[in-house]
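This report concerns only the one structure given below.
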Amino acid sequence: MARSPPLGELPPNYTPPARAAAPQILTGSLKAPLWLRAYFQGLLFSLGCGIQRHCGKVFFLGLLAFGALALGLRVAIIETDLEQLWVEVGSRVSQELHYTKEKLGEEAAYTSQMLIQTPRQEGENILTPEALDLHLQAALTASKVQVSLYGKSWDLNKICYKSGVPLIENGMIERMIEKLFPCVILTPLDCFWEGAKLQGGSAYLPGRPDIQWTNLDPEQLLEELGPFASLEGFRELLDKAQVGQAYVGRPCLNPDDLHCPPSAPNHHSRQAPNVAQELSGGCHGFSHKFMHWQEELLLGGTARDPQGQLLRGPAEHLPADESPPAVRALPG
C-alpha cells in the first residue's frame with residue numbers, strides 16, 4: 001500500500017484523499033431493520049422464558065383452547081347442496097329451482113338436475129322443432145358425460161333415479177327389463193319419439209337387433225315372444241301401466257330422421273309436428289298412467305288463446321305469478 005509522503009515533503013497544492021463514506025451509509029441504511037430484529041428477538045426470548053417458567057399453565061390453557069375448538073366441530077355443518085354453493089340468490093336459476101320445487105315438491109331421495117332453455121331474443125318463440133332439437137342436443141351431451149371413479153366408469157344411466165323394477169317370473173324378460181329400465185327424466189321431449197334418445201341401456205334377444213327405447217315396441221315384442229314363453233304377467237303389467245307402444249308411437253320432431261319409426265304418426269306425411277299442440281297439457285314418460293309430466297313443470301311464460309290452448313312460448317308479457325319463460329328438463 002502506498003504511504004503518504006512526510007508532511008514536510010508535501011507540495012503546496014496537495015489535497016489529502018477523501019475517506020470512503022460507504023460504511024457509514026451502509027450502517028445508516030441497516031440501522032432500522034437491525035433495531036426491529038433485535039426488538040422482536042428480545043420479545044420472543046422473553047416469551048420463551050415465560051413459557052418455560054410456566055409450562056404447566058401454558059399446557060393447560062392450550063388444552064382448554066383446543067377443547068373449545070373441538071366442541072365447535074360438533075355443530076359445524078358441511079354444505080353439500082350444489083344449489084346452495086353455486087346458485088346465486090335471486091338469479092334466474094334460483095327462480096327456476098324455486099318454481100320447480102313448488103310444483104314438484106321436495107324430495108329427499110334424489111336431487112334434481114335442471115336444464116333450462118330460454119330464447120336468444122326476448123319474445124322469440126321456442127316451441128318449434130328447431131328449438132327443441134337444440135334442447136335435445138344439449139340434453140344428449142349432458143347425458144353422455146362419463147366419470148371414472150374407484151376404477152369404474154359412471155354415467156347418467158348408472159346414477160339417475162329409477163322407479164322400482166318390477167319382478168317378472170320369466171328370467172329372460174326380467175333381465176331385459178333391468179337393462180332397459182329408464183331414468184326418470186321430466187322433459188318436453190317425452191311428447192315426441194326423440195325423448196327415447198335420452199334413455200340409455202340396451203338389451204339383446206337372439207335374432208333381433210339391439211333393443212333400445214328408440215326401436216322398442218312393447219306390443220310388437222309381446223306378439224313375437226308370445227309363442228315361445230308365458231308372458232301373461234308381463235302383458236298384464238304393461239296394460240296396467242298403459243305403456244302401449246312406448247316412444248315409437250309418438251310423432252318425430254324431425255320426420256326426415258332415418259331412424260324415425262314407421263309407427264310414428266308423421267312418419268309417412270313427413271310433416272313437422274305442431275309443438276305447442278303436442279305439449280299442451282303436458283307429456284308422459286313410457287307409462288301414460290304413472291308418468292304424467294304437468295305442463296307447468298315443462299314450460300314457463302307461455303301464451304294462450306282465449307280458450308286456454310297453448311300457442312307459443314315464451315309470452316312477451318308475463319303475469320307476476322308466472323314462471324320465467326323457459327323449456328325445462330329435469331333428470332332425476
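Naming scheme: A, B, ... for chains in displayed order of the C-alpha cells; residues 1 onward per chain; ligands 1 onward as shown.
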
Taking only C-alpha atoms into account, produce a table as CSV in which each residue of stretch 249-288 of chain A with an atom at most 10 Å from an atom of stretch 190-206 of chain A appears once, together with its shortest atom pair and the distance in Å to one decimal, ordered by chain and rising number.
residue,atom,partner,partner_atom,distance
A:Gly249,CA,A:Trp193,CA,7.4
A:Arg250,CA,A:Phe192,CA,5.1
A:Pro251,CA,A:Phe192,CA,5.2
A:Cys252,CA,A:Trp193,CA,5.2
A:Leu253,CA,A:Phe192,CA,6.5
A:Asn254,CA,A:Glu194,CA,8.6
A:Pro255,CA,A:Trp193,CA,9.9
A:His259,CA,A:Trp193,CA,10.0
A:Cys260,CA,A:Trp193,CA,7.6
A:Pro261,CA,A:Trp193,CA,8.4
A:Ala264,CA,A:Trp193,CA,7.6
A:Pro273,CA,A:Phe192,CA,9.1
A:Val275,CA,A:Cys191,CA,8.9
A:Glu278,CA,A:Cys191,CA,6.5
A:Leu279,CA,A:Cys191,CA,6.6
A:Ser280,CA,A:Cys191,CA,9.7
A:Gly282,CA,A:Cys191,CA,7.9
A:Cys283,CA,A:Cys191,CA,5.1
A:His284,CA,A:Asp190,CA,6.0
A:Gly285,CA,A:Asp190,CA,5.9
A:Phe286,CA,A:Asp190,CA,8.2

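Atom pair atom CA of A:Lys57 / atom CA of A:Gly42: separated by 22.2 Å.
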
What residues in stretch 163-315 of chain A get the DSSP label strand (DSSP E or B)? Please answer as a ChimeraX atom specification.
/A:185-186,203,211,283-284,292-293,299-300,303-304,310-312

Atoms to include: C-alpha atoms. Write the selected residues as a PDB file, in the first residue's frame.
ATOM      1  CA  ILE A 185     -86.474 -37.570 -16.794  1.00  0.00           C
ATOM      2  CA  LEU A 186     -89.133 -34.886 -16.926  1.00  0.00           C
ATOM      3  CA  ALA A 203     -80.842 -55.478 -24.425  1.00  0.00           C
ATOM      4  CA  ILE A 211     -83.285 -53.422 -28.325  1.00  0.00           C
ATOM      5  CA  CYS A 283     -96.213 -35.052 -21.593  1.00  0.00           C
ATOM      6  CA  HIS A 284     -95.869 -38.647 -20.465  1.00  0.00           C
ATOM      7  CA  HIS A 292     -97.501 -37.671 -16.433  1.00  0.00           C
ATOM      8  CA  TRP A 293     -95.387 -34.529 -16.501  1.00  0.00           C
ATOM      9  CA  LEU A 299     -92.833 -24.847 -19.746  1.00  0.00           C
ATOM     10  CA  GLY A 300     -92.891 -21.362 -18.337  1.00  0.00           C
ATOM     11  CA  ALA A 303     -99.010 -17.576 -24.360  1.00  0.00           C
ATOM     12  CA  ARG A 304    -102.536 -18.985 -24.766  1.00  0.00           C
ATOM     13  CA  LEU A 310    -101.131 -23.274 -25.739  1.00  0.00           C
ATOM     14  CA  LEU A 311     -99.970 -21.045 -28.580  1.00  0.00           C
ATOM     15  CA  ARG A 312     -96.330 -20.207 -28.153  1.00  0.00           C
TER      16      ARG A 312
END

Which is closer to A:Ala138 than all the others in A:Leu63, A:Val184, A:Val89, A:Met114, using only C-alpha atoms?
A:Met114

Extract the full set of helix (DSSP H, G or I) residues from stretch 172-234 of chain A according to DSSP on the backbone, and format it as a PDB file with C-alpha atoms, in the first residue's frame.
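Ended up saving to part-v1.pdb:
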ATOM      1  CA  MET A 172     -85.173 -63.585 -19.763  1.00  0.00           C
ATOM      2  CA  ILE A 173     -87.732 -60.765 -19.698  1.00  0.00           C
ATOM      3  CA  GLU A 174     -86.651 -59.725 -16.196  1.00  0.00           C
ATOM      4  CA  ARG A 175     -83.016 -59.344 -17.278  1.00  0.00           C
ATOM      5  CA  MET A 176     -84.098 -57.381 -20.336  1.00  0.00           C
ATOM      6  CA  ILE A 177     -86.199 -55.018 -18.204  1.00  0.00           C
ATOM      7  CA  GLU A 178     -83.296 -54.440 -15.795  1.00  0.00           C
ATOM      8  CA  LYS A 179     -81.080 -53.337 -18.688  1.00  0.00           C
ATOM      9  CA  LEU A 180     -83.749 -51.167 -20.309  1.00  0.00           C
ATOM     10  CA  PRO A 188     -90.876 -31.874 -23.115  1.00  0.00           C
ATOM     11  CA  LEU A 189     -89.077 -34.286 -25.442  1.00  0.00           C
ATOM     12  CA  ASP A 190     -91.201 -37.080 -23.942  1.00  0.00           C
ATOM     13  CA  CYS A 191     -94.071 -35.840 -26.100  1.00  0.00           C
ATOM     14  CA  TRP A 193     -90.114 -40.009 -30.268  1.00  0.00           C
ATOM     15  CA  GLU A 194     -86.856 -38.143 -29.615  1.00  0.00           C
ATOM     16  CA  GLY A 195     -87.468 -38.491 -25.875  1.00  0.00           C
ATOM     17  CA  ALA A 196     -86.314 -42.111 -26.224  1.00  0.00           C
ATOM     18  CA  LYS A 197     -82.822 -40.915 -27.205  1.00  0.00           C
ATOM     19  CA  LEU A 198     -82.224 -39.690 -23.654  1.00  0.00           C
ATOM     20  CA  PRO A 218     -93.616 -53.473 -26.351  1.00  0.00           C
ATOM     21  CA  GLU A 219     -96.821 -54.605 -28.048  1.00  0.00           C
ATOM     22  CA  GLN A 220     -94.979 -55.997 -31.057  1.00  0.00           C
ATOM     23  CA  LEU A 221     -92.354 -57.601 -28.812  1.00  0.00           C
ATOM     24  CA  LEU A 222     -95.033 -59.448 -26.845  1.00  0.00           C
ATOM     25  CA  GLU A 223     -96.565 -60.756 -30.065  1.00  0.00           C
ATOM     26  CA  GLU A 224     -93.206 -62.060 -31.261  1.00  0.00           C
ATOM     27  CA  LEU A 225     -92.247 -63.691 -27.964  1.00  0.00           C
ATOM     28  CA  GLU A 232     -99.285 -63.096 -19.353  1.00  0.00           C
ATOM     29  CA  GLY A 233     -97.985 -61.469 -16.171  1.00  0.00           C
ATOM     30  CA  PHE A 234     -95.761 -59.130 -18.159  1.00  0.00           C
TER      31      PHE A 234
END

Can you measure atom CA of A:Gln146 to atom CA of A:Leu97 for me? One decimal in Å is fine.
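Between these atoms lies a distance of 25.0 Å.
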
Which distance in Å separates atom CA of A:Leu134 and atom CA of A:Tyr247, to one decimal?
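Those two atoms sit 19.5 Å apart.
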